[in-house]
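**Student:** Take a look at query33.cif, mmCIF, C-alpha atoms:
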data_final
loop_
_atom_site.group_PDB
_atom_site.id
_atom_site.type_symbol
_atom_site.label_atom_id
_atom_site.label_comp_id
_atom_site.auth_asym_id
_atom_site.auth_seq_id
_atom_site.Cartn_x
_atom_site.Cartn_y
_atom_site.Cartn_z
ATOM 1 C CA MET A 30 -68.682 31.953 -42.068
ATOM 2 C CA ARG A 31 -64.905 32.463 -41.898
ATOM 3 C CA SER A 32 -62.583 31.063 -44.561
ATOM 4 C CA PRO A 33 -60.171 28.325 -43.378
ATOM 5 C CA TRP A 34 -57.306 30.444 -44.742
ATOM 6 C CA SER A 35 -58.134 33.630 -42.845
ATOM 7 C CA LEU A 36 -56.272 32.730 -39.654
ATOM 8 C CA PRO A 37 -52.982 31.732 -41.378
ATOM 9 C CA ILE A 38 -53.134 34.831 -43.585
ATOM 10 C CA PHE A 39 -53.874 37.105 -40.627
ATOM 11 C CA SER A 40 -51.041 35.466 -38.642
ATOM 12 C CA SER A 41 -48.590 35.959 -41.498
ATOM 13 C CA ILE A 42 -49.529 39.629 -41.846
ATOM 14 C CA ALA A 43 -49.105 40.116 -38.092
ATOM 15 C CA VAL A 44 -45.671 38.477 -38.096
ATOM 16 C CA VAL A 45 -44.452 40.513 -41.087
ATOM 17 C CA SER A 46 -45.799 43.718 -39.532
ATOM 18 C CA LEU A 47 -44.094 42.954 -36.251
ATOM 19 C CA ALA A 48 -40.820 42.253 -38.049
ATOM 20 C CA LEU A 49 -41.066 45.500 -40.007
ATOM 21 C CA VAL A 50 -41.804 47.487 -36.887
ATOM 22 C CA SER A 51 -38.948 45.863 -34.972
ATOM 23 C CA ILE A 52 -36.343 46.536 -37.690
ATOM 24 C CA SER A 53 -37.395 50.055 -38.571
ATOM 25 C CA ASP A 54 -36.769 53.393 -36.951
ATOM 26 C CA THR A 55 -40.302 54.379 -36.022
ATOM 27 C CA SER A 56 -39.313 57.391 -33.983
ATOM 28 C CA THR A 57 -41.138 59.541 -36.535
ATOM 29 C CA PRO A 58 -44.085 58.673 -38.781
ATOM 30 C CA ALA A 59 -42.044 59.581 -41.866
ATOM 31 C CA ALA A 60 -39.255 57.153 -40.906
ATOM 32 C CA ALA A 61 -41.789 54.372 -40.367
ATOM 33 C CA ILE A 62 -43.426 54.952 -43.752
ATOM 34 C CA GLU A 63 -40.021 55.121 -45.472
ATOM 35 C CA ALA A 64 -38.931 51.856 -43.846
ATOM 36 C CA MET A 65 -42.053 50.069 -45.075
ATOM 37 C CA ALA A 66 -41.752 51.289 -48.663
ATOM 38 C CA PRO A 67 -41.209 48.520 -51.232
ATOM 39 C CA GLY A 68 -37.530 48.086 -52.052
ATOM 40 C CA ALA A 69 -36.416 50.059 -48.984
ATOM 41 C CA PRO A 70 -33.114 48.786 -47.621
ATOM 42 C CA ILE A 71 -33.216 46.868 -44.374
ATOM 43 C CA VAL A 72 -31.068 48.660 -41.883
ATOM 44 C CA GLY A 73 -29.279 46.387 -39.459
ATOM 45 C CA GLN A 74 -29.840 46.751 -35.782
ATOM 46 C CA GLU A 75 -27.523 45.849 -32.973
ATOM 47 C CA PHE A 76 -28.690 43.728 -30.087
ATOM 48 C CA THR A 77 -26.753 42.982 -26.922
ATOM 49 C CA ALA A 78 -27.971 40.482 -24.357
ATOM 50 C CA THR A 79 -26.350 39.810 -21.055
ATOM 51 C CA ALA A 80 -26.523 36.499 -19.307
ATOM 52 C CA GLU A 81 -24.054 33.686 -19.073
ATOM 53 C CA HIS A 82 -22.855 34.694 -22.564
ATOM 54 C CA SER A 83 -23.415 38.013 -24.294
ATOM 55 C CA ILE A 84 -24.348 38.163 -27.956
ATOM 56 C CA ALA A 85 -23.866 41.310 -30.008
ATOM 57 C CA ALA A 86 -25.655 40.813 -33.325
ATOM 58 C CA SER A 87 -26.553 42.802 -36.410
ATOM 59 C CA VAL A 88 -28.152 41.845 -39.687
ATOM 60 C CA ALA A 89 -24.729 41.301 -41.299
ATOM 61 C CA SER A 90 -22.753 39.590 -38.528
ATOM 62 C CA TYR A 91 -22.676 38.443 -34.960
ATOM 63 C CA GLU A 92 -20.092 38.033 -32.227
ATOM 64 C CA ILE A 93 -20.184 35.898 -29.082
ATOM 65 C CA VAL A 94 -18.590 37.599 -26.133
ATOM 66 C CA GLU A 95 -17.419 35.128 -23.471
ATOM 67 C CA PRO A 96 -17.801 36.224 -19.849
ATOM 68 C CA GLU A 97 -14.734 36.852 -17.737
ATOM 69 C CA PRO A 98 -13.852 33.660 -15.847
ATOM 70 C CA GLU A 99 -14.538 33.650 -12.130
ATOM 71 C CA PRO A 100 -11.322 33.783 -10.154
ATOM 72 C CA GLU A 101 -10.646 30.489 -8.407
ATOM 73 C CA PRO A 102 -10.272 30.684 -4.656
ATOM 74 C CA ALA A 103 -6.746 30.220 -3.415
ATOM 75 C CA PRO A 104 -6.268 26.689 -2.117
ATOM 76 C CA ALA A 105 -5.873 26.406 1.620
ATOM 77 C CA ALA A 106 -2.336 25.751 2.715
ATOM 78 C CA ALA A 107 -1.717 22.170 3.761
ATOM 79 C CA GLY A 108 -2.590 21.694 7.392
ATOM 80 C CA PHE A 109 -4.831 24.729 7.659
ATOM 81 C CA ALA A 110 -8.577 24.546 7.986
ATOM 82 C CA PRO A 111 -11.479 26.986 7.656
ATOM 83 C CA VAL A 112 -12.033 29.330 10.582
ATOM 84 C CA ALA A 113 -14.177 27.570 13.168
ATOM 85 C CA GLY A 114 -15.376 30.660 15.037
ATOM 86 C CA THR A 115 -16.331 30.832 18.681
ATOM 87 C CA PRO A 116 -18.070 27.700 19.965
ATOM 88 C CA ASP A 117 -21.248 27.846 22.010
ATOM 89 C CA PRO A 118 -20.551 27.747 25.764
ATOM 90 C CA GLY A 119 -20.881 24.323 27.341
ATOM 91 C CA THR A 120 -20.428 22.398 24.103
ATOM 92 C CA ALA A 121 -17.712 19.863 23.375
ATOM 93 C CA GLN A 122 -16.120 22.418 21.055
ATOM 94 C CA ALA A 123 -16.012 24.999 23.873
ATOM 95 C CA ILE A 124 -14.303 22.435 26.122
ATOM 96 C CA ALA A 125 -11.813 21.718 23.334
ATOM 97 C CA ALA A 126 -11.165 25.433 22.723
ATOM 98 C CA ASP A 127 -10.179 25.862 26.378
ATOM 99 C CA MET A 128 -7.942 22.782 26.273
ATOM 100 C CA VAL A 129 -6.273 23.884 23.020
ATOM 101 C CA ALA A 130 -5.538 27.311 24.533
ATOM 102 C CA ALA A 131 -4.217 25.706 27.742
ATOM 103 C CA ARG A 132 -1.668 23.803 25.630
ATOM 104 C CA GLY A 133 -0.479 27.104 24.163
ATOM 105 C CA TRP A 134 -1.852 26.405 20.706
ATOM 106 C CA GLY A 135 -3.413 29.311 18.807
ATOM 107 C CA SER A 136 -6.774 29.711 17.113
ATOM 108 C CA ALA A 137 -5.489 28.168 13.864
ATOM 109 C CA GLU A 138 -4.861 24.927 15.763
ATOM 110 C CA PHE A 139 -8.410 25.024 17.112
ATOM 111 C CA ASP A 140 -9.684 25.550 13.548
ATOM 112 C CA CYS A 141 -7.782 22.450 12.424
ATOM 113 C CA LEU A 142 -9.111 20.433 15.365
ATOM 114 C CA VAL A 143 -12.704 21.439 14.584
ATOM 115 C CA ALA A 144 -12.274 20.470 10.921
ATOM 116 C CA LEU A 145 -10.620 17.174 11.864
ATOM 117 C CA TRP A 146 -13.224 16.087 14.366
ATOM 118 C CA ASN A 147 -16.101 17.377 12.225
ATOM 119 C CA LYS A 148 -14.842 14.915 9.613
ATOM 120 C CA GLU A 149 -14.176 12.070 12.037
ATOM 121 C CA SER A 150 -17.205 12.115 14.326
ATOM 122 C CA GLY A 151 -19.179 15.328 13.940
ATOM 123 C CA TRP A 152 -18.204 15.948 17.603
ATOM 124 C CA ASN A 153 -20.545 13.139 18.665
ATOM 125 C CA VAL A 154 -19.446 11.548 21.961
ATOM 126 C CA TYR A 155 -21.176 8.305 20.945
ATOM 127 C CA ALA A 156 -19.927 8.178 17.329
ATOM 128 C CA MET A 157 -18.840 4.682 16.377
ATOM 129 C CA ASN A 158 -17.324 3.539 13.106
ATOM 130 C CA ARG A 159 -19.127 0.278 12.309
ATOM 131 C CA SER A 160 -16.314 -1.105 10.204
ATOM 132 C CA SER A 161 -13.311 -0.275 12.395
ATOM 133 C CA GLY A 162 -14.856 0.089 15.839
ATOM 134 C CA ALA A 163 -13.299 3.569 16.345
ATOM 135 C CA TYR A 164 -15.243 5.434 19.025
ATOM 136 C CA GLY A 165 -16.064 8.892 20.310
ATOM 137 C CA ILE A 166 -15.165 12.411 19.280
ATOM 138 C CA PRO A 167 -11.525 11.589 18.440
ATOM 139 C CA GLN A 168 -12.445 8.181 16.954
ATOM 140 C CA ALA A 169 -10.050 6.246 19.207
ATOM 141 C CA LEU A 170 -9.287 2.733 18.017
ATOM 142 C CA PRO A 171 -10.140 0.860 20.102
ATOM 143 C CA GLY A 172 -12.281 3.208 22.157
ATOM 144 C CA THR A 173 -11.052 1.616 25.383
ATOM 145 C CA LYS A 174 -7.735 3.471 24.876
ATOM 146 C CA MET A 175 -9.506 6.570 26.160
ATOM 147 C CA ALA A 176 -9.852 4.931 29.604
ATOM 148 C CA THR A 177 -6.321 6.243 30.266
ATOM 149 C CA ALA A 178 -7.884 9.736 30.408
ATOM 150 C CA GLY A 179 -10.830 8.727 32.624
ATOM 151 C CA ALA A 180 -13.223 5.937 33.517
ATOM 152 C CA ASP A 181 -16.111 7.899 31.955
ATOM 153 C CA TRP A 182 -14.506 7.786 28.485
ATOM 154 C CA GLN A 183 -17.672 6.402 26.852
ATOM 155 C CA THR A 184 -19.875 9.380 27.757
ATOM 156 C CA ASN A 185 -17.769 12.377 28.806
ATOM 157 C CA PRO A 186 -16.650 14.755 26.049
ATOM 158 C CA ALA A 187 -13.945 16.290 28.278
ATOM 159 C CA THR A 188 -12.359 12.868 28.838
ATOM 160 C CA GLN A 189 -12.456 12.061 25.123
ATOM 161 C CA ILE A 190 -11.031 15.464 24.173
ATOM 162 C CA THR A 191 -8.253 15.160 26.754
ATOM 163 C CA TRP A 192 -7.255 11.777 25.353
ATOM 164 C CA GLY A 193 -7.614 12.977 21.728
ATOM 165 C CA LEU A 194 -5.417 16.043 22.231
ATOM 166 C CA GLY A 195 -2.761 13.902 23.947
ATOM 167 C CA TYR A 196 -2.829 11.459 21.027
ATOM 168 C CA ILE A 197 -2.584 14.280 18.486
ATOM 169 C CA GLN A 198 0.310 15.932 20.310
ATOM 170 C CA ALA A 199 2.247 12.677 20.663
ATOM 171 C CA ARG A 200 1.713 11.535 17.069
ATOM 172 C CA TYR A 201 1.395 14.726 14.968
ATOM 173 C CA GLY A 202 2.616 17.563 17.196
ATOM 174 C CA THR A 203 -0.438 19.760 16.699
ATOM 175 C CA PRO A 204 -4.033 19.564 15.438
ATOM 176 C CA CYS A 205 -2.923 21.162 12.147
ATOM 177 C CA GLY A 206 -0.352 18.392 11.779
ATOM 178 C CA ALA A 207 -3.108 15.818 12.293
ATOM 179 C CA TRP A 208 -5.436 17.686 9.925
ATOM 180 C CA ALA A 209 -2.745 17.812 7.203
ATOM 181 C CA HIS A 210 -2.164 14.070 7.565
ATOM 182 C CA SER A 211 -5.906 13.423 7.415
ATOM 183 C CA GLN A 212 -6.220 15.565 4.301
ATOM 184 C CA SER A 213 -3.411 13.706 2.563
ATOM 185 C CA VAL A 214 -4.328 10.100 3.408
ATOM 186 C CA GLY A 215 -7.935 10.265 4.670
ATOM 187 C CA TRP A 216 -7.323 9.370 8.321
ATOM 188 C CA TYR A 217 -5.201 10.427 11.292
#
Represent the structure contained in this file as structure tokens.
**Tutor:**
Amino acid sequence: MRSPWSLPIFSSIAVVSLALVSISDTSTPAAAIEAMAPGAPIVGQEFTATAEHSIAASVASYEIVEPEPEPEPAPAAAGFAPVAGTPDPGTAQAIAADMVAARGWGSAEFDCLVALWNKESGWNVYAMNRSSGAYGIPQALPGTKMATAGADWQTNPATQITWGLGYIQARYGTPCGAWAHSQSVGWY
């Protein structure tokens, strides 16, 4: 029958042995024996860990090394939006890209338009703001205003885009002008 103290004693011996092995230079049997001799000095070791913070430690002292801060991305200039890329053919964005180019506006203006209408309607022809009643891709208020661009204003993305670009040009000059206004006050 095993003594009730055998497990704690065995555990303690194992922990002490592990500690002695981990702090000693056991590259040679003589060094290991010397390190375990009674009264032998404990030689400090250095440990460096890398993660979010690095810690260099020895028996006598420690030092916390802070990581280099991540550089912050440069803020986008007012009125400029992320690059939209090339829209899929036949989509509302492709129709808009052609119309933007036909007005002589560059790709940056198309980028602003995509960002603006992503925010307003997600380019959904049927998007309707329940609280204001704004409708369609450009979120015309009221939606019936778009009838000036075509009788099919409720369902045709080309009609809505035509009206929306005319509104933007008359009120803000360009899509980036409208985008900058939207960014500053939350609407255009």
**Student:** Using the chain letters and numbering of this document, enumerate as a list in words the residues selected by the PyMOL selection byres ((chain A and resi 113) around 6).
**Tutor:**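 Residues picked by the PyMOL selection byres ((chain A and resi 113) around 6): Val112, Gly114 and Asp140 of chain A.
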**Student:** As a short mmCIF file (atom, residue, chain, number, x, y, z; two decimals) with C-alpha atoms, keeping the file's coordinate frame, please: the residues near Ala144 in chain A (cut-off 12 Å, only C-alpha atoms, same-chain neighbours under 6 positions excluded).
**Tutor:**
data_model
loop_
_atom_site.label_atom_id
_atom_site.label_comp_id
_atom_site.auth_asym_id
_atom_site.auth_seq_id
_atom_site.Cartn_x
_atom_site.Cartn_y
_atom_site.Cartn_z
CA GLY A 108 -2.59 21.69 7.39
CA PHE A 109 -4.83 24.73 7.66
CA ALA A 110 -8.58 24.55 7.99
CA PRO A 111 -11.48 26.99 7.66
CA VAL A 112 -12.03 29.33 10.58
CA ALA A 113 -14.18 27.57 13.17
CA GLY A 114 -15.38 30.66 15.04
CA GLN A 122 -16.12 22.42 21.06
CA ALA A 137 -5.49 28.17 13.86
CA GLU A 138 -4.86 24.93 15.76
CA SER A 150 -17.20 12.12 14.33
CA GLY A 151 -19.18 15.33 13.94
CA TRP A 152 -18.20 15.95 17.60
CA ILE A 166 -15.16 12.41 19.28
CA PRO A 167 -11.52 11.59 18.44
CA PRO A 204 -4.03 19.56 15.44
CA CYS A 205 -2.92 21.16 12.15
CA ALA A 207 -3.11 15.82 12.29
CA TRP A 208 -5.44 17.69 9.93
CA ALA A 209 -2.74 17.81 7.20
CA SER A 211 -5.91 13.42 7.42
CA GLN A 212 -6.22 15.56 4.30
#
**Student:** Report, in Å with one decimal, the straight-line distance from CA of Ala156 in chain A to CA of Ala187 in chain A.
**Tutor:** 14.9 Å
**Student:** Between A:Leu145, A:Thr173, A:Thr184, A:Thr115, which one has atoms that come closest to Ile197 in chain A, using all atoms listed in the file?
**Tutor:** A:Leu145
**Student:** Between CA of Gln189 in chain A and CA of Ser213 in chain A, what is the distance, to one decimal in Å?
**Tutor:** 24.4 Å
**Student:** With distances taken over all atoms listed in the file, which of A:Gly165, A:Trp182, A:Thr191, A:Thr203 is nearest to Ser136 in chain A?
**Tutor:** A:Thr203
**Student:** What's the separation between CA of Ala126 in chain A and CA of Phe139 in chain A, in Å to one decimal place?
**Tutor:**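 One can read the CA of Ala126 in chain A to CA of Phe139 in chain A distance as 6.3 Å.
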**Student:** Between A:Asn147, A:Gln183, A:Thr120, A:Gln198, which one has atoms that come closest to Ala169 in chain A, using all atoms listed in the file?
**Tutor:**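 Closest to Ala169 in chain A of all the choices is A:Gln183.
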**Student:** Which residue is closest to Asp181 in chain A? Choose from A:Val154, A:Gly133, A:Cys141, A:Ser161 and count all atoms listed in the file.
**Tutor:**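 The answer is A:Val154, which sits nearest to Asp181 in chain A.
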**Student:** I need the residue nearest Tyr201 in chain A from this list: A:Arg159, A:Met175, A:Leu142, A:Pro118. Use all atoms listed in the file for the distance.
**Tutor:**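 Nearest candidate to Tyr201 in chain A out of A:Arg159, A:Met175, A:Leu142, A:Pro118: A:Leu142.
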**Student:** Taking only C-alpha atoms into account, name the residue in A:Leu194, A:Gln168, A:Gly202, A:Ala178 that is nearest to Lys148 in chain A.
**Tutor:**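 Under the stated criterion, the closest residue is A:Gln168.
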**Student:** Could you extract range 120-184 of chain A of the given structure into a file holding C-alpha atoms, as an mmCIF file, in the first residue's frame?
**Tutor:**
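Writing done, so here's result_29.cif:
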data_model
loop_
_atom_site.group_PDB
_atom_site.id
_atom_site.type_symbol
_atom_site.label_atom_id
_atom_site.label_comp_id
_atom_site.auth_asym_id
_atom_site.auth_seq_id
_atom_site.Cartn_x
_atom_site.Cartn_y
_atom_site.Cartn_z
ATOM 1 C CA THR A 120 -24.782 46.263 -63.593
ATOM 2 C CA ALA A 121 -26.030 49.614 -62.352
ATOM 3 C CA GLN A 122 -22.431 50.506 -61.516
ATOM 4 C CA ALA A 123 -21.349 49.761 -65.106
ATOM 5 C CA ILE A 124 -24.128 52.037 -66.390
ATOM 6 C CA ALA A 125 -22.970 54.738 -63.972
ATOM 7 C CA ALA A 126 -19.312 54.326 -64.994
ATOM 8 C CA ASP A 127 -20.251 55.001 -68.624
ATOM 9 C CA MET A 128 -22.355 58.024 -67.657
ATOM 10 C CA VAL A 129 -19.610 59.441 -65.412
ATOM 11 C CA ALA A 130 -17.083 59.109 -68.255
ATOM 12 C CA ALA A 131 -19.528 60.701 -70.727
ATOM 13 C CA ARG A 132 -19.677 63.769 -68.459
ATOM 14 C CA GLY A 133 -15.886 64.028 -68.628
ATOM 15 C CA TRP A 134 -15.360 63.052 -65.009
ATOM 16 C CA GLY A 135 -12.395 60.807 -64.201
ATOM 17 C CA SER A 136 -12.138 57.542 -62.302
ATOM 18 C CA ALA A 137 -11.795 59.343 -58.952
ATOM 19 C CA GLU A 138 -15.277 60.790 -59.481
ATOM 20 C CA PHE A 139 -16.622 57.309 -60.187
ATOM 21 C CA ASP A 140 -14.957 56.083 -56.973
ATOM 22 C CA CYS A 141 -16.727 58.833 -55.022
ATOM 23 C CA LEU A 142 -20.056 58.014 -56.675
ATOM 24 C CA VAL A 143 -19.714 54.318 -55.807
ATOM 25 C CA ALA A 144 -18.900 55.153 -52.176
ATOM 26 C CA LEU A 145 -21.779 57.638 -51.980
ATOM 27 C CA TRP A 146 -24.418 55.352 -53.405
ATOM 28 C CA ASN A 147 -23.077 52.315 -51.531
ATOM 29 C CA LYS A 148 -23.814 54.327 -48.388
ATOM 30 C CA GLU A 149 -27.164 55.677 -49.555
ATOM 31 C CA SER A 150 -28.827 52.671 -51.171
ATOM 32 C CA GLY A 151 -26.336 49.881 -51.790
ATOM 33 C CA TRP A 152 -27.115 50.491 -55.501
ATOM 34 C CA ASN A 153 -30.582 49.005 -54.981
ATOM 35 C CA VAL A 154 -33.104 50.376 -57.503
ATOM 36 C CA TYR A 155 -35.920 49.683 -55.027
ATOM 37 C CA ALA A 156 -34.195 51.062 -51.900
ATOM 38 C CA MET A 157 -36.579 53.136 -49.822
ATOM 39 C CA ASN A 158 -35.822 55.046 -46.646
ATOM 40 C CA ARG A 159 -38.765 54.279 -44.350
ATOM 41 C CA SER A 160 -38.400 57.453 -42.336
ATOM 42 C CA SER A 161 -37.880 60.004 -45.115
ATOM 43 C CA GLY A 162 -39.397 58.281 -48.134
ATOM 44 C CA ALA A 163 -36.200 58.762 -50.216
ATOM 45 C CA TYR A 164 -36.179 56.261 -53.077
ATOM 46 C CA GLY A 165 -33.905 54.439 -55.483
ATOM 47 C CA ILE A 166 -30.179 54.340 -56.088
ATOM 48 C CA PRO A 167 -29.662 58.094 -55.570
ATOM 49 C CA GLN A 168 -32.228 58.243 -52.730
ATOM 50 C CA ALA A 169 -34.294 60.996 -54.374
ATOM 51 C CA LEU A 170 -36.671 62.775 -52.023
ATOM 52 C CA PRO A 171 -39.397 62.407 -53.032
ATOM 53 C CA GLY A 172 -38.736 59.605 -55.488
ATOM 54 C CA THR A 173 -41.198 61.105 -57.967
ATOM 55 C CA LYS A 174 -38.564 63.774 -58.762
ATOM 56 C CA MET A 175 -36.832 61.144 -60.876
ATOM 57 C CA ALA A 176 -39.808 61.140 -63.288
ATOM 58 C CA THR A 177 -38.092 64.122 -64.958
ATOM 59 C CA ALA A 178 -35.481 61.625 -66.229
ATOM 60 C CA GLY A 179 -38.013 59.001 -67.373
ATOM 61 C CA ALA A 180 -41.404 57.467 -66.700
ATOM 62 C CA ASP A 181 -39.726 54.206 -65.615
ATOM 63 C CA TRP A 182 -37.965 55.915 -62.682
ATOM 64 C CA GLN A 183 -39.243 53.342 -60.161
ATOM 65 C CA THR A 184 -37.560 50.349 -61.818
#
